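Shown next: structure.cif, given as mmCIF, N, CA, C and O atoms.
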data_final
#
loop_
_atom_site.label_atom_id
_atom_site.label_comp_id
_atom_site.auth_asym_id
_atom_site.auth_seq_id
_atom_site.Cartn_x
_atom_site.Cartn_y
_atom_site.Cartn_z
N MET W 1149 -14.21 -81.54 -4.70
CA MET W 1149 -14.79 -81.41 -3.39
C MET W 1149 -15.47 -80.05 -3.27
O MET W 1149 -14.98 -79.06 -3.77
N LEU W 1150 -16.59 -80.06 -2.63
CA LEU W 1150 -17.34 -78.83 -2.35
C LEU W 1150 -17.61 -78.75 -0.85
O LEU W 1150 -17.70 -79.77 -0.18
N GLN W 1151 -17.77 -77.57 -0.38
CA GLN W 1151 -18.22 -77.33 0.98
C GLN W 1151 -19.41 -76.40 0.88
O GLN W 1151 -19.38 -75.44 0.11
N TYR W 1152 -20.47 -76.72 1.60
CA TYR W 1152 -21.55 -75.74 1.67
C TYR W 1152 -21.91 -75.45 3.11
O TYR W 1152 -21.65 -76.23 4.01
N TRP W 1153 -22.43 -74.25 3.28
CA TRP W 1153 -22.89 -73.80 4.59
C TRP W 1153 -24.35 -73.41 4.47
O TRP W 1153 -24.75 -72.78 3.48
N ASN W 1154 -25.12 -73.80 5.45
CA ASN W 1154 -26.52 -73.38 5.48
C ASN W 1154 -26.57 -71.87 5.67
O ASN W 1154 -25.84 -71.31 6.47
N ASN W 1155 -27.45 -71.24 4.93
CA ASN W 1155 -27.55 -69.77 4.94
C ASN W 1155 -29.01 -69.37 4.98
O ASN W 1155 -29.52 -68.71 4.09
N TYR W 1156 -29.70 -69.81 6.02
CA TYR W 1156 -31.14 -69.59 6.12
C TYR W 1156 -31.52 -68.12 6.26
O TYR W 1156 -32.62 -67.72 5.92
N ASP W 1157 -30.57 -67.31 6.76
CA ASP W 1157 -30.87 -65.89 6.99
C ASP W 1157 -30.38 -64.99 5.87
O ASP W 1157 -30.35 -63.77 6.01
N ASP W 1158 -29.96 -65.59 4.74
CA ASP W 1158 -29.51 -64.85 3.56
C ASP W 1158 -28.37 -63.88 3.89
O ASP W 1158 -28.40 -62.71 3.53
N LEU W 1159 -27.36 -64.40 4.59
CA LEU W 1159 -26.20 -63.59 4.96
C LEU W 1159 -25.24 -63.46 3.79
O LEU W 1159 -25.25 -64.27 2.86
N SER W 1160 -24.37 -62.47 3.85
CA SER W 1160 -23.34 -62.32 2.82
C SER W 1160 -22.25 -63.36 3.05
O SER W 1160 -22.12 -63.91 4.15
N LEU W 1161 -21.44 -63.59 2.03
CA LEU W 1161 -20.32 -64.53 2.17
C LEU W 1161 -19.37 -64.06 3.27
O LEU W 1161 -18.84 -64.86 4.03
N THR W 1162 -19.16 -62.75 3.37
CA THR W 1162 -18.29 -62.20 4.42
C THR W 1162 -18.83 -62.55 5.80
O THR W 1162 -18.07 -62.95 6.69
N GLN W 1163 -20.13 -62.43 6.01
CA GLN W 1163 -20.73 -62.76 7.30
C GLN W 1163 -20.62 -64.26 7.61
O GLN W 1163 -20.35 -64.64 8.74
N ILE W 1164 -20.82 -65.08 6.59
CA ILE W 1164 -20.69 -66.53 6.78
C ILE W 1164 -19.26 -66.89 7.16
O ILE W 1164 -19.02 -67.66 8.08
N LYS W 1165 -18.28 -66.32 6.45
CA LYS W 1165 -16.87 -66.60 6.75
C LYS W 1165 -16.53 -66.17 8.17
O LYS W 1165 -15.81 -66.87 8.88
N GLU W 1166 -17.02 -65.01 8.60
CA GLU W 1166 -16.76 -64.54 9.96
C GLU W 1166 -17.38 -65.49 10.99
O GLU W 1166 -16.76 -65.80 12.01
N ALA W 1167 -18.59 -65.97 10.72
CA ALA W 1167 -19.26 -66.91 11.64
C ALA W 1167 -18.48 -68.22 11.73
O ALA W 1167 -18.33 -68.79 12.82
N ILE W 1168 -17.97 -68.70 10.59
CA ILE W 1168 -17.17 -69.93 10.59
C ILE W 1168 -15.89 -69.73 11.39
O ILE W 1168 -15.52 -70.55 12.23
N LYS W 1169 -15.21 -68.60 11.15
CA LYS W 1169 -13.97 -68.29 11.87
C LYS W 1169 -14.23 -68.20 13.38
O LYS W 1169 -13.46 -68.74 14.17
N ASN W 1170 -15.31 -67.55 13.77
CA ASN W 1170 -15.65 -67.44 15.19
C ASN W 1170 -15.88 -68.82 15.82
O ASN W 1170 -15.43 -69.10 16.92
N THR W 1171 -16.60 -69.66 15.09
CA THR W 1171 -16.90 -71.00 15.60
C THR W 1171 -15.62 -71.82 15.76
O THR W 1171 -15.44 -72.51 16.76
N ILE W 1172 -14.71 -71.73 14.79
CA ILE W 1172 -13.44 -72.43 14.88
C ILE W 1172 -12.64 -71.95 16.09
O ILE W 1172 -11.98 -72.72 16.76
N ASP W 1173 -12.75 -70.65 16.38
CA ASP W 1173 -12.04 -70.06 17.52
C ASP W 1173 -12.75 -70.32 18.85
O ASP W 1173 -12.34 -69.81 19.89
N GLY W 1174 -13.84 -71.10 18.83
CA GLY W 1174 -14.54 -71.46 20.05
C GLY W 1174 -15.56 -70.44 20.53
O GLY W 1174 -16.07 -70.55 21.64
N LYS W 1175 -15.85 -69.45 19.70
CA LYS W 1175 -16.84 -68.43 20.05
C LYS W 1175 -18.21 -68.86 19.55
O LYS W 1175 -18.34 -69.43 18.47
N ASN W 1176 -19.23 -68.57 20.31
CA ASN W 1176 -20.60 -68.86 19.87
C ASN W 1176 -21.04 -67.77 18.89
O ASN W 1176 -20.97 -66.59 19.20
N ASP W 1177 -21.45 -68.16 17.72
CA ASP W 1177 -21.89 -67.20 16.70
C ASP W 1177 -23.24 -67.64 16.17
O ASP W 1177 -23.35 -68.71 15.56
N GLU W 1178 -24.26 -66.83 16.39
CA GLU W 1178 -25.62 -67.19 15.99
C GLU W 1178 -25.78 -67.30 14.48
O GLU W 1178 -26.75 -67.88 13.99
N ASN W 1179 -24.84 -66.76 13.71
CA ASN W 1179 -24.93 -66.84 12.24
C ASN W 1179 -24.40 -68.17 11.69
O ASN W 1179 -24.52 -68.44 10.51
N PHE W 1180 -23.77 -68.99 12.55
CA PHE W 1180 -23.23 -70.26 12.07
C PHE W 1180 -24.32 -71.32 12.12
O PHE W 1180 -24.83 -71.65 13.17
N ASN W 1181 -24.70 -71.82 10.94
CA ASN W 1181 -25.76 -72.82 10.84
C ASN W 1181 -25.26 -74.17 10.37
O ASN W 1181 -26.02 -75.00 9.92
N GLY W 1182 -23.97 -74.41 10.44
CA GLY W 1182 -23.42 -75.70 10.05
C GLY W 1182 -23.10 -75.80 8.58
O GLY W 1182 -23.64 -75.08 7.76
N GLY W 1183 -22.21 -76.70 8.28
CA GLY W 1183 -21.79 -76.91 6.91
C GLY W 1183 -21.70 -78.39 6.59
O GLY W 1183 -21.94 -79.24 7.45
N HIS W 1184 -21.35 -78.68 5.34
CA HIS W 1184 -21.34 -80.06 4.89
C HIS W 1184 -20.37 -80.17 3.72
O HIS W 1184 -20.36 -79.30 2.84
N SER W 1185 -19.55 -81.20 3.70
CA SER W 1185 -18.64 -81.46 2.58
C SER W 1185 -19.24 -82.50 1.66
O SER W 1185 -19.74 -83.53 2.12
N VAL W 1186 -19.20 -82.23 0.37
CA VAL W 1186 -19.76 -83.14 -0.63
C VAL W 1186 -18.81 -83.23 -1.82
O VAL W 1186 -17.89 -82.43 -1.94
N ILE W 1187 -19.05 -84.19 -2.70
CA ILE W 1187 -18.26 -84.36 -3.91
C ILE W 1187 -19.15 -84.04 -5.11
O ILE W 1187 -20.22 -84.61 -5.29
N PHE W 1188 -18.70 -83.08 -5.92
CA PHE W 1188 -19.43 -82.66 -7.11
C PHE W 1188 -19.59 -83.82 -8.08
O PHE W 1188 -18.65 -84.54 -8.36
N LYS W 1189 -20.80 -83.98 -8.63
CA LYS W 1189 -21.06 -85.02 -9.62
C LYS W 1189 -21.30 -84.41 -10.99
O LYS W 1189 -20.63 -84.75 -11.95
N SER W 1190 -22.26 -83.47 -11.09
CA SER W 1190 -22.55 -82.85 -12.38
C SER W 1190 -23.44 -81.62 -12.18
O SER W 1190 -24.01 -81.43 -11.12
N TYR W 1191 -23.52 -80.83 -13.23
CA TYR W 1191 -24.44 -79.69 -13.21
C TYR W 1191 -25.82 -80.16 -13.63
O TYR W 1191 -25.97 -81.12 -14.38
N ILE W 1192 -26.84 -79.45 -13.16
CA ILE W 1192 -28.21 -79.64 -13.63
C ILE W 1192 -28.50 -78.45 -14.54
O ILE W 1192 -28.29 -77.30 -14.15
N LYS W 1193 -28.96 -78.73 -15.76
CA LYS W 1193 -29.23 -77.65 -16.72
C LYS W 1193 -30.70 -77.66 -17.11
O LYS W 1193 -31.34 -78.70 -17.13
N ASN W 1194 -31.20 -76.48 -17.44
CA ASN W 1194 -32.58 -76.39 -17.92
C ASN W 1194 -32.62 -76.66 -19.42
O ASN W 1194 -31.58 -76.95 -20.03
N ILE W 1195 -33.78 -76.56 -20.00
CA ILE W 1195 -33.95 -76.87 -21.43
C ILE W 1195 -33.12 -75.96 -22.33
O ILE W 1195 -32.76 -76.33 -23.44
N SER W 1196 -32.76 -74.75 -21.83
CA SER W 1196 -31.95 -73.81 -22.60
C SER W 1196 -30.46 -74.02 -22.39
O SER W 1196 -29.64 -73.31 -22.96
N GLY W 1197 -30.09 -74.98 -21.56
CA GLY W 1197 -28.68 -75.27 -21.30
C GLY W 1197 -28.07 -74.44 -20.19
O GLY W 1197 -26.87 -74.53 -19.94
N GLU W 1198 -28.88 -73.65 -19.48
CA GLU W 1198 -28.37 -72.85 -18.36
C GLU W 1198 -28.21 -73.74 -17.13
O GLU W 1198 -29.04 -74.60 -16.86
N VAL W 1199 -27.13 -73.50 -16.38
CA VAL W 1199 -26.90 -74.24 -15.14
C VAL W 1199 -27.87 -73.73 -14.09
O VAL W 1199 -27.91 -72.55 -13.77
N ILE W 1200 -28.68 -74.66 -13.55
CA ILE W 1200 -29.68 -74.27 -12.55
C ILE W 1200 -29.49 -75.01 -11.22
O ILE W 1200 -30.24 -74.80 -10.27
N GLY W 1201 -28.47 -75.87 -11.14
CA GLY W 1201 -28.24 -76.62 -9.91
C GLY W 1201 -27.08 -77.57 -10.09
O GLY W 1201 -26.39 -77.56 -11.12
N ILE W 1202 -26.88 -78.39 -9.07
CA ILE W 1202 -25.80 -79.38 -9.12
C ILE W 1202 -26.28 -80.70 -8.54
O ILE W 1202 -27.23 -80.75 -7.76
N LYS W 1203 -25.63 -81.77 -8.97
CA LYS W 1203 -25.80 -83.09 -8.37
C LYS W 1203 -24.49 -83.39 -7.64
O LYS W 1203 -23.42 -82.99 -8.08
N TYR W 1204 -24.61 -84.07 -6.51
CA TYR W 1204 -23.42 -84.36 -5.72
C TYR W 1204 -23.57 -85.66 -4.96
O TYR W 1204 -24.66 -86.19 -4.79
N TYR W 1205 -22.42 -86.18 -4.53
CA TYR W 1205 -22.35 -87.36 -3.68
C TYR W 1205 -22.07 -86.90 -2.25
O TYR W 1205 -21.31 -85.97 -2.03
N ASP W 1206 -22.65 -87.59 -1.29
CA ASP W 1206 -22.27 -87.40 0.11
C ASP W 1206 -22.49 -88.69 0.87
O ASP W 1206 -22.81 -89.72 0.28
N TYR W 1207 -22.30 -88.66 2.18
CA TYR W 1207 -22.39 -89.89 2.98
C TYR W 1207 -23.79 -90.48 3.00
O TYR W 1207 -23.97 -91.63 3.35
N SER W 1208 -24.81 -89.72 2.62
CA SER W 1208 -26.18 -90.23 2.70
C SER W 1208 -26.71 -90.78 1.39
O SER W 1208 -27.83 -91.25 1.33
N GLY W 1209 -25.93 -90.71 0.33
CA GLY W 1209 -26.40 -91.28 -0.92
C GLY W 1209 -25.75 -90.66 -2.14
O GLY W 1209 -25.08 -89.64 -2.05
N ILE W 1210 -26.01 -91.28 -3.28
CA ILE W 1210 -25.37 -90.81 -4.51
C ILE W 1210 -26.30 -89.98 -5.38
O ILE W 1210 -25.86 -89.41 -6.36
N ASN W 1211 -27.56 -89.91 -5.04
CA ASN W 1211 -28.52 -89.19 -5.89
C ASN W 1211 -28.98 -87.90 -5.24
O ASN W 1211 -30.16 -87.58 -5.23
N ARG W 1212 -28.05 -87.12 -4.71
CA ARG W 1212 -28.39 -85.87 -4.06
C ARG W 1212 -28.31 -84.74 -5.09
O ARG W 1212 -27.49 -84.77 -6.00
N SER W 1213 -29.17 -83.74 -4.93
CA SER W 1213 -29.11 -82.60 -5.84
C SER W 1213 -29.54 -81.34 -5.10
O SER W 1213 -30.17 -81.40 -4.05
N TYR W 1214 -29.17 -80.21 -5.68
CA TYR W 1214 -29.51 -78.90 -5.13
C TYR W 1214 -29.81 -77.96 -6.27
O TYR W 1214 -29.00 -77.80 -7.18
N SER W 1215 -30.98 -77.36 -6.24
CA SER W 1215 -31.37 -76.36 -7.23
C SER W 1215 -31.01 -74.98 -6.68
O SER W 1215 -31.32 -74.67 -5.52
N PHE W 1216 -30.37 -74.15 -7.48
CA PHE W 1216 -29.98 -72.82 -7.03
C PHE W 1216 -31.19 -71.97 -6.64
O PHE W 1216 -31.07 -71.04 -5.87
N ASP W 1217 -32.37 -72.29 -7.16
CA ASP W 1217 -33.59 -71.57 -6.79
C ASP W 1217 -34.02 -71.84 -5.36
O ASP W 1217 -34.79 -71.08 -4.78
N ASP W 1218 -33.52 -72.94 -4.78
CA ASP W 1218 -33.93 -73.31 -3.42
C ASP W 1218 -33.39 -72.34 -2.37
O ASP W 1218 -34.01 -72.16 -1.33
N GLY W 1219 -32.23 -71.74 -2.60
CA GLY W 1219 -31.64 -70.82 -1.63
C GLY W 1219 -31.23 -71.54 -0.36
O GLY W 1219 -31.29 -72.76 -0.25
N GLY W 1220 -30.79 -70.78 0.62
CA GLY W 1220 -30.47 -71.33 1.93
C GLY W 1220 -29.11 -71.96 2.08
O GLY W 1220 -28.79 -72.49 3.12
N LYS W 1221 -28.25 -71.90 1.02
CA LYS W 1221 -26.92 -72.48 1.11
C LYS W 1221 -25.93 -71.63 0.32
O LYS W 1221 -26.29 -70.99 -0.65
N ILE W 1222 -24.69 -71.65 0.77
CA ILE W 1222 -23.59 -71.05 0.01
C ILE W 1222 -22.61 -72.19 -0.29
O ILE W 1222 -22.15 -72.87 0.62
N PHE W 1223 -22.32 -72.42 -1.57
CA PHE W 1223 -21.38 -73.45 -2.00
C PHE W 1223 -20.04 -72.82 -2.36
O PHE W 1223 -19.99 -71.80 -3.03
N LEU W 1224 -18.97 -73.45 -1.93
CA LEU W 1224 -17.63 -73.05 -2.31
C LEU W 1224 -16.87 -74.27 -2.79
O LEU W 1224 -17.02 -75.36 -2.25
N GLY W 1225 -16.07 -74.08 -3.83
CA GLY W 1225 -15.27 -75.19 -4.34
C GLY W 1225 -14.41 -74.75 -5.49
O GLY W 1225 -14.58 -73.69 -6.06
N ALA W 1226 -13.46 -75.58 -5.83
CA ALA W 1226 -12.58 -75.31 -6.96
C ALA W 1226 -13.30 -75.60 -8.27
O ALA W 1226 -14.08 -76.55 -8.38
N ASN W 1227 -13.09 -74.75 -9.25
CA ASN W 1227 -13.56 -74.96 -10.61
C ASN W 1227 -15.09 -74.97 -10.76
O ASN W 1227 -15.61 -75.57 -11.68
N LEU W 1228 -15.80 -74.32 -9.85
CA LEU W 1228 -17.24 -74.18 -10.05
C LEU W 1228 -17.50 -73.12 -11.10
O LEU W 1228 -16.80 -72.12 -11.20
N LYS W 1229 -18.52 -73.32 -11.89
CA LYS W 1229 -18.88 -72.34 -12.90
C LYS W 1229 -19.55 -71.15 -12.21
O LYS W 1229 -20.50 -71.32 -11.47
N ASP W 1230 -19.02 -69.94 -12.46
CA ASP W 1230 -19.62 -68.74 -11.90
C ASP W 1230 -20.84 -68.37 -12.72
O ASP W 1230 -20.82 -68.42 -13.95
N ILE W 1231 -21.89 -67.99 -12.04
CA ILE W 1231 -23.09 -67.51 -12.70
C ILE W 1231 -23.15 -66.00 -12.50
O ILE W 1231 -23.25 -65.53 -11.37
N ILE W 1232 -23.04 -65.25 -13.57
CA ILE W 1232 -23.05 -63.80 -13.49
C ILE W 1232 -24.40 -63.31 -14.01
O ILE W 1232 -24.80 -63.63 -15.10
N GLU W 1233 -25.07 -62.54 -13.17
CA GLU W 1233 -26.37 -62.01 -13.57
C GLU W 1233 -26.26 -60.56 -13.95
O GLU W 1233 -25.46 -59.83 -13.50
#

Rewrite the structure of this file - the entire thing - as structure tokens.
Amino acid sequence: MLQYWNNYDDLSLTQIKEAIKNTIDGKNDENFNGGHSVIFKSYIKNISGEVIGIKYYDYSGINRSYSFDDGGKIFLGANLKDIIE
């Protein structure tokens, strides 16, 4: 299982977590842009074998994907491969 949050303003993970916590506590937080739960399907790799995105299942279909180059989201989940630059 994965959870992602929209991150259109390029906030830090700390800011996103604070916005989520505020929203759960019933406070209006302009940094909260909604989230979505999905089920991990597979990694997307480039020709060199580098992980460049993921494929996932959700309520709207089985052929969903996200490229890390797209930005705008923070994904959290167990056993995700960390990309260290």

Q: Run the PyMOL selection byres (((chain W and resi 1189-1202 and name CA) around 9) and name CA) against the file shown and list the residues it catches, as a list of chain:residue names.
A: W:Ile1187, W:Phe1188, W:Lys1203, W:Tyr1204, W:Tyr1205, W:Ile1210, W:Arg1212, W:Ser1213, W:Tyr1214, W:Ser1215, W:Phe1216, W:Asp1217, W:Lys1229, W:Ile1231

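Atom N of Leu1161 (chain W) to CA of Gly1182 (chain W) spans 14.7 Å [interatomic distance, one decimal].
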
Edge lengths and centre in Å, axis-aligned, region 1216-1221 of chain W plus 3 Å each side, as AutoDock Vina command-line options:
--center_x -30.4 --center_y -72.5 --center_z -2.2 --size_x 14.9 --size_y 9.4 --size_z 16.6

Q | Selected residue of minimal separation from Asp1158 (chain W) among W:Gly1220, W:Asn1181, W:Lys1175, W:Tyr1207, counting all atoms listed in the file | A | W:Gly1220

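Residue-level DSSP output for chain W, from the backbone, shows helix (DSSP H, G or I) at Leu1161, Thr1162, Gln1163, Ile1164, Lys1165, Glu1166, Ala1167, Ile1168, Lys1169, Asn1170, Thr1171, Ile1172, Phe1216, Asp1217 and Asp1218 of chain W.
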
Q.
Running the PyMOL selection byres ((chain W and resi 1163-1168) around 8) on this model by hand, what would come out? Give it as a PyMOL selection string.
A. chain W and resi 1153-1155+1159-1162+1169-1181

Just-selected residues, N, CA, C and O atoms written as a short mmCIF file (atom, residue, chain, number, x, y, z; two decimals), keeping the file's coordinate frame:
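File produced: part_28.cif:
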data_model
loop_
_atom_site.label_atom_id
_atom_site.label_comp_id
_atom_site.auth_asym_id
_atom_site.auth_seq_id
_atom_site.Cartn_x
_atom_site.Cartn_y
_atom_site.Cartn_z
N TRP W 1153 -22.43 -74.25 3.28
CA TRP W 1153 -22.89 -73.80 4.59
C TRP W 1153 -24.35 -73.41 4.47
O TRP W 1153 -24.75 -72.78 3.48
N ASN W 1154 -25.12 -73.80 5.45
CA ASN W 1154 -26.52 -73.38 5.48
C ASN W 1154 -26.57 -71.87 5.67
O ASN W 1154 -25.84 -71.31 6.47
N ASN W 1155 -27.45 -71.24 4.93
CA ASN W 1155 -27.55 -69.77 4.94
C ASN W 1155 -29.01 -69.37 4.98
O ASN W 1155 -29.52 -68.71 4.09
N LEU W 1159 -27.36 -64.40 4.59
CA LEU W 1159 -26.20 -63.59 4.96
C LEU W 1159 -25.24 -63.46 3.79
O LEU W 1159 -25.25 -64.27 2.86
N SER W 1160 -24.37 -62.47 3.85
CA SER W 1160 -23.34 -62.32 2.82
C SER W 1160 -22.25 -63.36 3.05
O SER W 1160 -22.12 -63.91 4.15
N LEU W 1161 -21.44 -63.59 2.03
CA LEU W 1161 -20.32 -64.53 2.17
C LEU W 1161 -19.37 -64.06 3.27
O LEU W 1161 -18.84 -64.86 4.03
N THR W 1162 -19.16 -62.75 3.37
CA THR W 1162 -18.29 -62.20 4.42
C THR W 1162 -18.83 -62.55 5.80
O THR W 1162 -18.07 -62.95 6.69
N LYS W 1169 -15.21 -68.60 11.15
CA LYS W 1169 -13.97 -68.29 11.87
C LYS W 1169 -14.23 -68.20 13.38
O LYS W 1169 -13.46 -68.74 14.17
N ASN W 1170 -15.31 -67.55 13.77
CA ASN W 1170 -15.65 -67.44 15.19
C ASN W 1170 -15.88 -68.82 15.82
O ASN W 1170 -15.43 -69.10 16.92
N THR W 1171 -16.60 -69.66 15.09
CA THR W 1171 -16.90 -71.00 15.60
C THR W 1171 -15.62 -71.82 15.76
O THR W 1171 -15.44 -72.51 16.76
N ILE W 1172 -14.71 -71.73 14.79
CA ILE W 1172 -13.44 -72.43 14.88
C ILE W 1172 -12.64 -71.95 16.09
O ILE W 1172 -11.98 -72.72 16.76
N ASP W 1173 -12.75 -70.65 16.38
CA ASP W 1173 -12.04 -70.06 17.52
C ASP W 1173 -12.75 -70.32 18.85
O ASP W 1173 -12.34 -69.81 19.89
N GLY W 1174 -13.84 -71.10 18.83
CA GLY W 1174 -14.54 -71.46 20.05
C GLY W 1174 -15.56 -70.44 20.53
O GLY W 1174 -16.07 -70.55 21.64
N LYS W 1175 -15.85 -69.45 19.70
CA LYS W 1175 -16.84 -68.43 20.05
C LYS W 1175 -18.21 -68.86 19.55
O LYS W 1175 -18.34 -69.43 18.47
N ASN W 1176 -19.23 -68.57 20.31
CA ASN W 1176 -20.60 -68.86 19.87
C ASN W 1176 -21.04 -67.77 18.89
O ASN W 1176 -20.97 -66.59 19.20
N ASP W 1177 -21.45 -68.16 17.72
CA ASP W 1177 -21.89 -67.20 16.70
C ASP W 1177 -23.24 -67.64 16.17
O ASP W 1177 -23.35 -68.71 15.56
N GLU W 1178 -24.26 -66.83 16.39
CA GLU W 1178 -25.62 -67.19 15.99
C GLU W 1178 -25.78 -67.30 14.48
O GLU W 1178 -26.75 -67.88 13.99
N ASN W 1179 -24.84 -66.76 13.71
CA ASN W 1179 -24.93 -66.84 12.24
C ASN W 1179 -24.40 -68.17 11.69
O ASN W 1179 -24.52 -68.44 10.51
N PHE W 1180 -23.77 -68.99 12.55
CA PHE W 1180 -23.23 -70.26 12.07
C PHE W 1180 -24.32 -71.32 12.12
O PHE W 1180 -24.83 -71.65 13.17
N ASN W 1181 -24.70 -71.82 10.94
CA ASN W 1181 -25.76 -72.82 10.84
C ASN W 1181 -25.26 -74.17 10.37
O ASN W 1181 -26.02 -75.00 9.92
#

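You will find atom C of Asp1206 (chain W) at 21.6 Å from CA of Tyr1156 (chain W).
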
Q) What separation in Å, quoted to one decimal, exists between atom C of Asp1157 (chain W) and atom N of Ser1185 (chain W)? A) 19.6 Å

Q: Mind listing the strand (DSSP E or B) residues of chain W, per DSSP on the backbone, as number ranges by chain?
A: W: 1150-1154, 1183-1193, 1199-1206, 1209-1215, 1221-1225
